[in-house]
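A quick write-up on the structure given underneath.
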Number of protein chains: 2
Amino acid sequence: VRPYEVIKAKRDGRPIATEALEEFIQGYTSGAIPDYQMSAFCMAVVFRGMNEIELAAWTRAMLETGDVLDLSDIPGVKVDKHSTGGVGDKVSLALAPLAAACGVKVPMISGRGLGHTGGTLDKLESIPGFNVNLSIEKYRALVAEVGACLIGQTAQLAPADKKLYALRDVTATVECTPLIASSIMSKKLAEGIDALVLDVKVGSGAFMKRTEEAQVLARTMCAIGRGMGKRVTALLTNMDQPLGRAVGNALEVIEAVQLLRDEAPKDLKDVTVELTAEMLMLGNVAKDLDEARQKVKQAIGDGRGFLKLCEIVEAQGGDPDVLADFSLLPKSKGTLEARSLTRGYVQAIDAEALGQAAMVQGAGRARVEDKVDHAVGLMVHKKIGDVVEEGEPLVTIHFGENGSEPPDRVIVRLQRAYQIGEQPMPPDPLILERIT
Amino acid sequence: VRPYEVIKAKRDGRPIATEALEEFIQGYTSGAIPDYQMSAFCMAVVFRGMNEIELAAWTRAMLETGDVLDLSDIPGVKVDKHSTGGVGDKVSLALAPLAAACGVKVPMISGRGLGHTGGTLDKLESIPGFNVNLSIEKYRALVAEVGACLIGQTAQLAPADKKLYALRDVTATVECTPLIASSIMSKKLAEGIDALVLDVKVGSGAFMKRTEEAQVLARTMCAIGRGMGKRVTALLTNMDQPLGRAVGNALEVIEAVQLLRDEAPKDLKDVTVELTAEMLMLGNVAKDLDEARQKVKQAIGDGRGFLKLCEIVEAQGGDPDVLADFSLLPKSKGTLEARSLTRGYVQAIDAEALGQAAMVQGAGRARVEDKVDHAVGLMVHKKIGDVVEEGEPLVTIHFGENGSEPPDRVIVRLQRAYQIGEQPMPPDPLILERIT
């Protein structure tokens, strides 16, 4: 099948055979199919979508352009979790040790922060000595021995996805559910997992602002998983405000540790328990969700989750003393408060604006090549429904030396991100939907 | 405006500012904007279309990437005709001299045949010595002195269109009304015309098989003309069967000359008179269409059209004796008849199949770089509604030395292109609609 015919079939909404899609991806990765044909194809997918068979074929083809890890010699079910990205989302830092402490094997290959969202790798690297660039052999050994290992993507995993993402980024074809879903799934399935929990974030701080979009993405990823014989559970979770209170790498590590000591804000704990419980279900270490939740809470309460995190940090070259003494973590140059101009109830928070405010301080990256300052970030004091007095701090800014914007301007960003009114606000639902 | 934003706006169906489209076309022509961004944009246009303002801006921007001829110093209204392409469409060969004989200035820049359709340049080059590659100065002088000049496109006219067409051809974005319309109009408006008659062909031998598509294309081209201050009239004409009887370059020259001697088939004459009358209207040399038709018929009847063709041929280096003695034209190697297998009435003809049959004999090109044999082609004896006896000739094949298919196989193509049944068939309407 000529590349032209593949583009034309997608343009006209006709189904495309699995072999044709495989050749198309292979040809693109090898350079035989030029960028201008792939970009036209991707734009046609924006309008026509992909059916379930095409999605599985496309994902498998991307996966097979690189190495696919085989962890089948490690006993137990291998389960990972993936979040579509939010503000203050430090769930993985607590979830991986909790799941491992409960007997699930957690091979976790994570990404870095970009734009208003953070990345697990950046958070882990706030811990002095923590190494996310392990060899695949070391990674495999730690999953077997420790029960969890958290590393960065290697160039050998799904190289087609890397090339394709760079092209989509300059041709306005990033915002396209089947392409987003296949990109995520090709990377995740290359890890050698048996099952996957998806945390699809919805709200002002997420890529998906509306529940309907998030439902479609979640269903699409579940369908890809099905098509490739993997069990996938997706939770749609609220991202209308930052999760917990900390936004920024070292600040989030602290909050994740507090969670493992059962000292975390309720929303962070609830979401983490729920997502970890789903991992236990997929990992066959709990009969039902109630039992799974109980097991996770026990692992928090008796400190096994905390000890497992210490074990992971030590195994990956980090200093576990940091987890008991936060003064050993990178510290910001200073702090400033963003204070409320009025009194009332917090009606809404523009969580993306908070993510941007953290980013311009150096907590995240505007572009892939930017450097991150692990110490800087925000501590969010007021969340939706909270009462605020005039002049009371909404957010504490932890600023550094190299922010792209002075902290006094960031104050204005933060003040404008809060909507304060006279009406009391009911609590926001946290788990919006469960899709399998 | 960044190219990314232009692609994104089109993807999302938002209107794009004139300056942004101009920069996009200029950037693409200069190479600053890569093929992969343009192909993504074109695919978005396939789905989102273009509004009238965008169409005019896009066409003008393409036009302005090259020379725009200025014929304003030549007295009189300059009017051209463009056909979207059909089988046996030799109208231009008679229309240009007829309009010129009636006082309209006809600057005509034509194309070559591709696929199942012929091209005016190939037909003219059947005349020994005829030169379609004149300098712009010579072209301008002949429009002024002779009243008509027929040449090929130069690289200086709308180079963006050439580059863009090559890209669309490999990215499945050719079949897209706004892109087709702006491509045609950018080339035509670069000729320095004041007004344009469009012959939009509809039917089995045309690119547009359905009237609705042709209406949209015609209206789109009229809208572009309006947006650029040019008067445009479009006729939708029937292409459910070849126009006239001759298909192939020298054979069509003969039929065009016969038309100018008033010896042509009625359908060819009727369409030619109607299109030429529209040129007279746009050229302000007739009060109304009835008067215009009368003037054209007079120019046929009294031989002024024929003499004007002789004048054009001589002025462009051709041998005018050919027009009186057809034996001086290229002659085919031999002829063969495609005969009917049954008796009955011709119900329908697959005109595209007839065009293909002529092409594989060498009358046209499968690819741009193919060579044309001016002598070969078809003479069509039976048209829709005609009575046919078993064994009677449907079509005479004029074959040559270099056809890509042996003539006996072409016979089968032709026999299969005819649908013969027992029902008498009413005559096909010839002019389907007039759009201004």
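Chains: A, B, ... in order of the structure tokens. Residues: from 1 per chain. Ligands: from 1, in order shown.
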
Report the closest atom pair, with its distance in Å rounded to one decimal, for each residue of chain A that has an atom no farther than 6 Å from chain B; count only C-alpha atoms, sort by chain and then rising residue number, and write it as CSV.
```
residue,atom,partner,partner_atom,distance
A:Tyr4,CA,B:Val170,CA,6.0
A:Lys8,CA,B:Ala172,CA,5.2
A:Asp35,CA,B:Tyr36,CA,5.5
A:Tyr36,CA,B:Tyr36,CA,3.7
A:Gln37,CA,B:Thr171,CA,5.5
A:Ser39,CA,B:Ala40,CA,5.2
A:Ala40,CA,B:Ala40,CA,4.5
A:Met43,CA,B:Ala40,CA,5.6
A:Val170,CA,B:Tyr4,CA,5.9
A:Thr171,CA,B:Gln37,CA,5.5
A:Ala172,CA,B:Lys8,CA,5.2
```

>> Quick check for you: according to DSSP on this backbone, which residues of region 133-313 of chain A are classed as strand (DSSP E)? Reply as a list in words.
In response: Ala148, Cys149, Leu150, Ile151, Gly152, Ala195, Leu196, Val197, Leu198, Asp199, Val200, Lys201, Val202, Arg231, Val232, Thr233, Ala234, Leu235, Leu236, Thr237, Asn238, Ala246 and Val247 of chain A

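Those residues that approach Ile349 (chain B) to within 7 Å, counting only C-alpha atoms, are Asp240, Gln241, Ala351, Ile384, Ala417, Tyr418 and Gln419 of chain B; same-chain residues fewer than 2 positions away are not listed.
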
> Where in region 17-256 of chain B does DSSP assign alpha helix (DSSP H), given as number ranges by chain?
Replying inline: B: 18-30, 35-48, 52-63, 91-101, 120-124, 136-145, 159-169, 177-189, 211-227, 249-256

>> Just to confirm, what's the straight-line distance from CA of Ala234 (chain B) to CA of Tyr165 (chain B) in Å (one decimal)?
In response: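 So the two atoms, CA of Ala234 (chain B) and CA of Tyr165 (chain B), lie 23.2 Å apart.
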
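Take CA of Gln356 (chain A) and CA of Ser327 (chain A): the distance between them is 26.1 Å.
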
>> as a list in words, please: the residues near Ala292 (chain A) (cut-off 7 Å, only C-alpha atoms, same-chain neighbours under 5 positions excluded).
In response: Ala277, Leu280, Met281 and Ala286 of chain A

Please, could you write that set of residues out with all heavy atoms as a PDB file, in the first residue's frame?
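File written: part.pdb
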```pdb
ATOM      1  N   ALA A 277      -5.080   1.381  45.089  1.00  0.00           N
ATOM      2  CA  ALA A 277      -6.005   0.244  45.248  1.00  0.00           C
ATOM      3  C   ALA A 277      -6.294  -0.392  43.880  1.00  0.00           C
ATOM      4  O   ALA A 277      -6.362  -1.624  43.755  1.00  0.00           O
ATOM      5  CB  ALA A 277      -7.293   0.707  45.914  1.00  0.00           C
ATOM      6  N   LEU A 280      -3.513  -2.633  43.044  1.00  0.00           N
ATOM      7  CA  LEU A 280      -3.597  -3.897  43.781  1.00  0.00           C
ATOM      8  C   LEU A 280      -4.611  -4.842  43.122  1.00  0.00           C
ATOM      9  O   LEU A 280      -4.385  -6.058  43.050  1.00  0.00           O
ATOM     10  CB  LEU A 280      -3.992  -3.641  45.237  1.00  0.00           C
ATOM     11  CG  LEU A 280      -2.828  -3.463  46.236  1.00  0.00           C
ATOM     12  CD1 LEU A 280      -1.834  -2.411  45.777  1.00  0.00           C
ATOM     13  CD2 LEU A 280      -3.348  -3.169  47.637  1.00  0.00           C
ATOM     14  N   MET A 281      -5.714  -4.279  42.652  1.00  0.00           N
ATOM     15  CA  MET A 281      -6.713  -5.097  41.959  1.00  0.00           C
ATOM     16  C   MET A 281      -6.109  -5.726  40.705  1.00  0.00           C
ATOM     17  O   MET A 281      -6.225  -6.930  40.475  1.00  0.00           O
ATOM     18  CB  MET A 281      -7.921  -4.245  41.557  1.00  0.00           C
ATOM     19  CG  MET A 281      -8.777  -3.781  42.716  1.00  0.00           C
ATOM     20  SD  MET A 281      -9.591  -5.162  43.544  1.00  0.00           S
ATOM     21  CE  MET A 281     -10.744  -5.643  42.253  1.00  0.00           C
ATOM     22  N   ALA A 286      -5.625  -8.288  45.864  1.00  0.00           N
ATOM     23  CA  ALA A 286      -6.812  -7.976  46.685  1.00  0.00           C
ATOM     24  C   ALA A 286      -8.033  -8.532  45.978  1.00  0.00           C
ATOM     25  O   ALA A 286      -8.084  -8.562  44.746  1.00  0.00           O
ATOM     26  CB  ALA A 286      -6.943  -6.471  46.894  1.00  0.00           C
TER      27      ALA A 286
END
```

> How far is it from CA of Asn238 (chain A) to CA of Leu354 (chain A), in Å with one decimal?
Replying inline: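 Here the two named atoms are 15.4 Å from each other.
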
>> Can you tell me which residues surround region 144-161 of chain A at a distance of at most 7 Å, considering only C-alpha atoms, apart from same-chain residues fewer than 2 positions away, and format the answer as a ChimeraX atom specification?
In response: /A:29,62-68,74,96-97,100,104-111,121,132-134,139-142,163-165,183,186-187,190,312

>> So that I can see what lies close to Cys102 (chain A), please list as JSON, numbers by chain the residues with an atom at most 9 Å from it, counting only C-alpha atoms and leaving out residues fewer than 4 positions away in the same chain.
In response: {"A": [97, 98, 280, 285, 295, 296, 299, 304, 305]}

Store the residues picked out above, limited to N, CA and C atoms, as a PDB file, in the first residue's frame.
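This is the output file out-v7.pdb:
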```pdb
ATOM      1  N   PRO A  97       5.888   3.094  45.999  1.00  0.00           N
ATOM      2  CA  PRO A  97       6.278   2.316  47.189  1.00  0.00           C
ATOM      3  C   PRO A  97       5.097   1.624  47.865  1.00  0.00           C
ATOM      4  N   LEU A  98       3.915   2.276  47.891  1.00  0.00           N
ATOM      5  CA  LEU A  98       2.758   1.641  48.535  1.00  0.00           C
ATOM      6  C   LEU A  98       2.361   0.357  47.811  1.00  0.00           C
ATOM      7  N   LEU A 280      -3.513  -2.633  43.044  1.00  0.00           N
ATOM      8  CA  LEU A 280      -3.597  -3.897  43.781  1.00  0.00           C
ATOM      9  C   LEU A 280      -4.611  -4.842  43.122  1.00  0.00           C
ATOM     10  N   VAL A 285      -3.662  -8.817  44.146  1.00  0.00           N
ATOM     11  CA  VAL A 285      -3.301  -8.983  45.549  1.00  0.00           C
ATOM     12  C   VAL A 285      -4.446  -8.535  46.462  1.00  0.00           C
ATOM     13  N   LYS A 295      -5.781  -2.389  52.431  1.00  0.00           N
ATOM     14  CA  LYS A 295      -4.365  -2.778  52.387  1.00  0.00           C
ATOM     15  C   LYS A 295      -3.464  -1.565  52.191  1.00  0.00           C
ATOM     16  N   VAL A 296      -3.908  -0.676  51.314  1.00  0.00           N
ATOM     17  CA  VAL A 296      -3.089   0.516  51.057  1.00  0.00           C
ATOM     18  C   VAL A 296      -3.025   1.381  52.315  1.00  0.00           C
ATOM     19  N   ALA A 299      -0.667   0.013  54.769  1.00  0.00           N
ATOM     20  CA  ALA A 299       0.737   0.224  54.398  1.00  0.00           C
ATOM     21  C   ALA A 299       1.162   1.660  54.672  1.00  0.00           C
ATOM     22  N   ARG A 304       5.039   0.858  56.261  1.00  0.00           N
ATOM     23  CA  ARG A 304       5.707   0.022  55.250  1.00  0.00           C
ATOM     24  C   ARG A 304       5.906   0.782  53.936  1.00  0.00           C
ATOM     25  N   GLY A 305       4.972   1.663  53.619  1.00  0.00           N
ATOM     26  CA  GLY A 305       5.115   2.476  52.408  1.00  0.00           C
ATOM     27  C   GLY A 305       6.318   3.396  52.504  1.00  0.00           C
TER      28      GLY A 305
END
```

>> Using only C-alpha atoms for the distances, tell me which of B:Val253, B:Ala366, B:Ile25, B:Leu55 is nearest to Thr120 (chain B).
In response: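 Among B:Val253, B:Ala366, B:Ile25, B:Leu55, it is B:Val253 that comes nearest to Thr120 (chain B).
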
>> Can you tell me which residues surround region 358-362 of chain A at a distance of at most 10 Å, considering only C-alpha atoms, apart from same-chain residues fewer than 6 positions away, and format the answer as an MDAnalysis selection string?
In response: chainID A and resid 87 113:118 247:249 352 370:379 397:407 410 414

Just write the chosen residues, C-alpha atoms, as a short mmCIF file (atom, residue, chain, number, x, y, z; two decimals), in the first residue's frame.
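Saved file again_20.cif follows:
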```
data_model
loop_
_atom_site.label_atom_id
_atom_site.label_comp_id
_atom_site.auth_asym_id
_atom_site.auth_seq_id
_atom_site.Cartn_x
_atom_site.Cartn_y
_atom_site.Cartn_z
CA VAL A 87 -0.50 20.59 38.91
CA GLY A 113 7.73 18.25 33.30
CA LEU A 114 6.74 20.47 30.38
CA GLY A 115 4.63 23.61 30.42
CA HIS A 116 2.42 23.98 33.47
CA THR A 117 2.69 20.32 34.56
CA GLY A 118 5.50 18.69 36.51
CA VAL A 247 3.68 22.56 43.62
CA GLY A 248 7.38 22.26 42.73
CA ASN A 249 9.85 19.42 42.86
CA GLU A 352 -3.03 25.98 34.98
CA ASP A 370 15.14 24.47 29.84
CA LYS A 371 16.78 23.69 33.22
CA VAL A 372 14.76 23.06 36.35
CA ASP A 373 15.37 24.56 39.83
CA HIS A 374 14.35 21.79 42.22
CA ALA A 375 13.92 24.10 45.23
CA VAL A 376 11.36 26.58 43.90
CA GLY A 377 7.59 26.28 43.73
CA LEU A 378 4.39 27.12 45.55
CA MET A 379 2.60 26.14 48.74
CA ILE A 397 5.96 31.50 46.60
CA HIS A 398 9.32 29.75 47.05
CA PHE A 399 11.48 31.68 44.62
CA GLY A 400 15.04 31.15 43.37
CA GLU A 401 17.83 32.96 41.52
CA ASN A 402 16.93 32.07 37.97
CA GLY A 403 13.19 32.55 37.52
CA SER A 404 12.16 34.05 34.18
CA GLU A 405 9.79 36.41 36.01
CA PRO A 406 10.35 38.39 39.24
CA PRO A 407 8.38 36.99 42.22
CA VAL A 410 4.14 36.16 40.07
CA LEU A 414 -1.57 34.03 41.59
#
```

> Which one is closest to Ser182 (chain A): A:Leu71, A:Ala57, A:Val197, A:Ala17? Count only C-alpha atoms.
Replying inline: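 Using only C-alpha atoms, the shortest distance to Ser182 (chain A) belongs to A:Ala57.
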